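Participant: To start, I am sharing the structure in question, which I have written as structure tokens.
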Amino acid sequence: MRYFLLILVVAMGQSVLTAEKIPSDAQNRKKVKSFTLAVLPDTQFYCDTRLKLSKKWGNGDLRRFFFEQTRWVRDNQKRLNIAFLVHEGDIVQADAHEEWAIAKKAMSVLDGKVPYCMCLGNHDMGFKKSDNKYGGDIAVNRTTLFNKYFPREKFAKRKEFGGTFNPDRHDNSWYHFEATGMKFLIVSLECKPRNEVLVWANKVVAKHPEHRVIVLTHAYMSANGRRIDKLGYKIKGNAGEEMWQKLVSKHKNIFMVLCGHSSGEAVLTSKGDHGNQVHQVLSDYQHLNNGGESWLRYMVFDPNENKIKVYTYNPALDKFRNNPSSRFDLEYPMIKGE
Ligand SMILES: [Zn+2]
């Protein structure tokens with residue numbers, strides 16, 4: 001009997017302690033709805049009906065996988081409460097009209113349904129014909145047909161549109177949205193962003209201290225989980241480590257960087273100058289069968305657990321990748337301070 005009583009007292013003591021430990025804001029957490037950010041990694045092979053560098057996997061026409069992605073995001077917008085979609089760049093193979101026409105058609109599936117923004121990859125700009133096995137070089141300069149197919153004027157009408165670095169071009173842009181009472185801002189930067197672009201991005205972020213900021217840029221880190229120190233190509237600008245030093249680490253409201261370019265998956269969580277955690281997340285499936293055959297990411301922001309739950313899903317195959325580098329949670333405080 002005495003033994004039983006002791007257990008009872010210990011058990012009661014624990015439950016009292018647990019109740020006291022729950023912070024007051026957590027009591028209401030059940031009421032908060034989660035929302036989702038959809039992420040499209042490199043789609044270059046899906047658009048490559050011209051050079052057909054994708055023919056090693058078949059006939060060189062993989063465009064249906066791009067459409068599988070955007071249709072799935074559109075059709076699951078309500079179920080997952082998808083608030084926004086980002087494209088991590090290398091939208092097309094080599095900056096050609098034929099390729100951009102495919103990208104435009106595939107992305108337009110989202111128009112009026114899911115807001116989105118895109119960043120430019122090394123394949124999206126500066127194509128110069130030559131006799132090499134790729135039919136030319138890429139990123140020899142910053143000319144791109146992106147602005148013809150995704151013009152600033154079209155996107156400036158959208159309520160999520162914030163602004164651009166250049167008043168006539170859409171290459172560097174910022175967007176914003178609100179979800180479950182929180183304000184988010186995405187700053188989308190060109191591949192190997194120039195110093196003046198980073199100066200602009202610093203200003204945009206500093207002007208929005210109430211927003212939670214995601215930096216979207218194509219080439220930032222390698223699959224080994226390290227920020228890129230040196231990036232090739234003729235264009236001049238900053239690699240991942242320089243972007244960290246000159247922009248990302250400086251702002252307490254930047255909590256995530258999303259990038260593609262390097263085949264594979266990686267996460268690097270670093271501490272910014274203000275002690276804030278910054279999750280830098282790479283996903284790129286272009287090396288997989290059929291240039292990725294529609295593998296994409298979606299990130300469920302769950303304020304009840306203060307976690308971002310990252311899923312890697314293939315709508316064409318209706319399959320998940322569940323290895324630890326593909327399915328993981330990121331700690332991110334959402335309730336506190338709201
Ligand atoms: Zn790339």
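Labeling convention for the structure tokens: chains A, B, ... as they appear, residues from 1 per chain, ligands from 1 in order of appearance.
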Name the residues of range 97-323 of chain A that come out as strand (DSSP E) in a backbone DSSP run; write them as number ranges by chain.

Facilitator: A: 116-118, 128-129, 136-137, 161-164, 173-179, 182-189, 212-217, 254-259, 264-271, 277-284, 296-302, 307-314, 319-321

Participant: Could the residues in this selection be written to a file with C-alpha atoms, as a PDB file, in the first residue's frame?

Facilitator:
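Result file selection-v8.pdb:
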ATOM      1  CA  TYR A 116       4.736  31.606 -57.003  1.00  0.00           C
ATOM      2  CA  CYS A 117       8.114  33.089 -57.734  1.00  0.00           C
ATOM      3  CA  MET A 118      11.165  31.755 -59.536  1.00  0.00           C
ATOM      4  CA  LYS A 128      26.233  30.849 -76.618  1.00  0.00           C
ATOM      5  CA  LYS A 129      26.285  28.305 -79.413  1.00  0.00           C
ATOM      6  CA  GLY A 136      26.985  25.620 -76.528  1.00  0.00           C
ATOM      7  CA  ASP A 137      28.053  27.312 -73.306  1.00  0.00           C
ATOM      8  CA  PHE A 161       4.492  40.897 -55.751  1.00  0.00           C
ATOM      9  CA  GLY A 162       6.838  43.154 -53.784  1.00  0.00           C
ATOM     10  CA  GLY A 163       9.316  44.604 -56.255  1.00  0.00           C
ATOM     11  CA  THR A 164      12.376  44.005 -58.390  1.00  0.00           C
ATOM     12  CA  SER A 173      12.486  40.049 -57.186  1.00  0.00           C
ATOM     13  CA  TRP A 174      10.802  39.901 -53.815  1.00  0.00           C
ATOM     14  CA  TYR A 175       7.410  38.497 -52.963  1.00  0.00           C
ATOM     15  CA  HIS A 176       5.359  38.316 -49.794  1.00  0.00           C
ATOM     16  CA  PHE A 177       2.444  36.366 -48.405  1.00  0.00           C
ATOM     17  CA  GLU A 178       0.602  35.864 -45.171  1.00  0.00           C
ATOM     18  CA  ALA A 179      -0.178  32.480 -43.667  1.00  0.00           C
ATOM     19  CA  MET A 182       2.479  35.284 -39.988  1.00  0.00           C
ATOM     20  CA  LYS A 183       4.060  37.458 -42.646  1.00  0.00           C
ATOM     21  CA  PHE A 184       6.580  35.896 -44.997  1.00  0.00           C
ATOM     22  CA  LEU A 185       8.897  37.475 -47.536  1.00  0.00           C
ATOM     23  CA  ILE A 186      10.837  35.717 -50.265  1.00  0.00           C
ATOM     24  CA  VAL A 187      13.762  37.434 -51.887  1.00  0.00           C
ATOM     25  CA  SER A 188      14.654  35.760 -55.156  1.00  0.00           C
ATOM     26  CA  LEU A 189      18.206  36.307 -56.378  1.00  0.00           C
ATOM     27  CA  ARG A 212       9.978  36.121 -41.863  1.00  0.00           C
ATOM     28  CA  VAL A 213      12.413  35.925 -44.753  1.00  0.00           C
ATOM     29  CA  ILE A 214      13.368  33.125 -47.129  1.00  0.00           C
ATOM     30  CA  VAL A 215      16.243  33.655 -49.559  1.00  0.00           C
ATOM     31  CA  LEU A 216      15.709  31.848 -52.853  1.00  0.00           C
ATOM     32  CA  THR A 217      18.738  31.427 -55.084  1.00  0.00           C
ATOM     33  CA  ILE A 254      16.150  35.389 -42.357  1.00  0.00           C
ATOM     34  CA  PHE A 255      15.421  31.802 -41.340  1.00  0.00           C
ATOM     35  CA  MET A 256      15.844  29.810 -44.536  1.00  0.00           C
ATOM     36  CA  VAL A 257      17.741  29.626 -47.815  1.00  0.00           C
ATOM     37  CA  LEU A 258      16.389  27.409 -50.598  1.00  0.00           C
ATOM     38  CA  CYS A 259      18.559  26.343 -53.506  1.00  0.00           C
ATOM     39  CA  GLY A 264      21.373  15.790 -54.389  1.00  0.00           C
ATOM     40  CA  GLU A 265      20.004  16.875 -51.041  1.00  0.00           C
ATOM     41  CA  ALA A 266      21.565  18.661 -48.071  1.00  0.00           C
ATOM     42  CA  VAL A 267      20.712  20.753 -45.037  1.00  0.00           C
ATOM     43  CA  LEU A 268      23.056  23.105 -43.247  1.00  0.00           C
ATOM     44  CA  THR A 269      21.813  24.972 -40.179  1.00  0.00           C
ATOM     45  CA  SER A 270      24.024  27.924 -39.256  1.00  0.00           C
ATOM     46  CA  LYS A 271      23.751  30.665 -36.688  1.00  0.00           C
ATOM     47  CA  GLN A 277      19.122  29.727 -36.792  1.00  0.00           C
ATOM     48  CA  VAL A 278      19.197  29.701 -40.571  1.00  0.00           C
ATOM     49  CA  HIS A 279      18.239  26.478 -42.344  1.00  0.00           C
ATOM     50  CA  GLN A 280      19.947  26.248 -45.729  1.00  0.00           C
ATOM     51  CA  VAL A 281      18.278  23.559 -47.772  1.00  0.00           C
ATOM     52  CA  LEU A 282      19.380  22.067 -51.085  1.00  0.00           C
ATOM     53  CA  SER A 283      17.239  19.850 -53.289  1.00  0.00           C
ATOM     54  CA  ASP A 284      17.945  18.902 -56.901  1.00  0.00           C
ATOM     55  CA  LEU A 296       9.540  17.871 -55.694  1.00  0.00           C
ATOM     56  CA  ARG A 297       9.507  19.120 -52.134  1.00  0.00           C
ATOM     57  CA  TYR A 298       6.767  20.413 -49.933  1.00  0.00           C
ATOM     58  CA  MET A 299       7.339  21.934 -46.531  1.00  0.00           C
ATOM     59  CA  VAL A 300       4.554  21.883 -43.998  1.00  0.00           C
ATOM     60  CA  PHE A 301       4.893  24.731 -41.511  1.00  0.00           C
ATOM     61  CA  ASP A 302       3.276  23.436 -38.337  1.00  0.00           C
ATOM     62  CA  LYS A 307       8.420  22.598 -36.914  1.00  0.00           C
ATOM     63  CA  ILE A 308       8.796  22.714 -40.660  1.00  0.00           C
ATOM     64  CA  LYS A 309       8.085  19.188 -41.869  1.00  0.00           C
ATOM     65  CA  VAL A 310       9.885  18.548 -45.133  1.00  0.00           C
ATOM     66  CA  TYR A 311       8.525  15.954 -47.567  1.00  0.00           C
ATOM     67  CA  THR A 312      10.000  14.773 -50.869  1.00  0.00           C
ATOM     68  CA  TYR A 313       7.283  13.559 -53.182  1.00  0.00           C
ATOM     69  CA  ASN A 314       6.889  12.405 -56.766  1.00  0.00           C
ATOM     70  CA  LYS A 319       5.812   8.019 -54.170  1.00  0.00           C
ATOM     71  CA  PHE A 320       7.629   9.552 -51.216  1.00  0.00           C
ATOM     72  CA  ARG A 321      11.378   9.431 -50.560  1.00  0.00           C
TER      73      ARG A 321
END

Participant: Find the residues near ligand 1. Use a cut-off of 9 Å, count only C-alpha atoms and all ligand atoms, and write them as a PyMOL selection string.

Facilitator: chain A and resi 42+44+89-90+120-124+191+218-219+260-263

Participant: Identify all residues of range 116-315 of chain A in alpha helix (DSSP H) (DSSP on the backbone) and supply them as a VMD selection string.

Facilitator: chain A and resid 146 to 149 152 to 156 195 to 206 240 to 246

Participant: Quick one: pull the distance between CA of Phe45 in chain A and CA of Val140 in chain A, Å, one decimal.

Facilitator: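 About the pair CA of Phe45 in chain A and CA of Val140 in chain A: they are 20.0 Å apart.
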
Participant: Residues at most 7 Å from range 200-205 of chain A, counting only C-alpha atoms, excluding those fewer than 4 positions away in the same chain, as a list in words?

Facilitator: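 Returned residues: Phe165, Val187, Glu196, Pro209 and Leu247 of chain A.
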
Participant: Hey, can you spit out that residue selection with N, CA and C atoms as a PDB file, in the first residue's frame?

Facilitator:
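Output saved as selection.pdb:
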ATOM      1  N   PHE A 165      14.757  44.344 -58.468  1.00  0.00           N
ATOM      2  CA  PHE A 165      16.009  45.109 -58.427  1.00  0.00           C
ATOM      3  C   PHE A 165      16.040  46.102 -59.582  1.00  0.00           C
ATOM      4  N   VAL A 187      12.931  36.628 -51.002  1.00  0.00           N
ATOM      5  CA  VAL A 187      13.762  37.434 -51.887  1.00  0.00           C
ATOM      6  C   VAL A 187      14.472  36.467 -52.832  1.00  0.00           C
ATOM      7  N   GLU A 196      25.788  44.553 -56.322  1.00  0.00           N
ATOM      8  CA  GLU A 196      24.708  45.539 -56.255  1.00  0.00           C
ATOM      9  C   GLU A 196      23.357  44.883 -55.992  1.00  0.00           C
ATOM     10  N   PRO A 209      11.229  44.267 -41.127  1.00  0.00           N
ATOM     11  CA  PRO A 209      11.629  43.524 -39.919  1.00  0.00           C
ATOM     12  C   PRO A 209      10.541  42.609 -39.372  1.00  0.00           C
ATOM     13  N   LEU A 247      24.917  38.848 -46.908  1.00  0.00           N
ATOM     14  CA  LEU A 247      23.461  39.042 -46.799  1.00  0.00           C
ATOM     15  C   LEU A 247      22.815  38.157 -45.719  1.00  0.00           C
TER      16      LEU A 247
END

Participant: How far is it from CA of Asn76 in chain A to CA of Ser54 in chain A, in Å with one decimal?

Facilitator: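 Taking CA of Asn76 in chain A and CA of Ser54 in chain A, their separation equals 28.5 Å.
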
Participant: For CA of Tyr285 in chain A and CA of His87 in chain A, determine how far apart the two atoms are, in Å to one decimal place.

Facilitator: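 Computed distance, CA of Tyr285 in chain A to CA of His87 in chain A, equals 13.1 Å.
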
Participant: Quick one: residues within 8 Å of Thr70 in chain A, only C-alpha atoms, excluding same-chain residues fewer than 2 positions away - as a ChimeraX atom specification?

Facilitator: /A:66-68,72-74,106-107,109-110

Participant: Skip Glu98 in chain A itself and residues of its chain fewer than 6 positions away, then list as a list in words all residues within 12 Å of it, counting only C-alpha atoms.

Facilitator: Tyr46, Cys47, Asp48, Thr49, Arg50, Leu51, Lys52, Arg63, Val92, Lys104, Lys105, Leu145, Phe146 and Tyr149 of chain A

Participant: With distances taken over only C-alpha atoms, which residue among A:Glu305, A:Glu99, A:Asp168, A:Glu210 lies nearest Lys33 in chain A?

Facilitator: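 Residue with the minimum atom-to-atom distance to Lys33 in chain A: A:Glu305.
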
Participant: For Ala101 in chain A, which residue out of A:Lys148, A:Phe328, A:Asp273, A:Asn306 is the nearest one, using only C-alpha atoms?

Facilitator: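 Ranking A:Lys148, A:Phe328, A:Asp273, A:Asn306 by distance to Ala101 in chain A, first place goes to A:Lys148.
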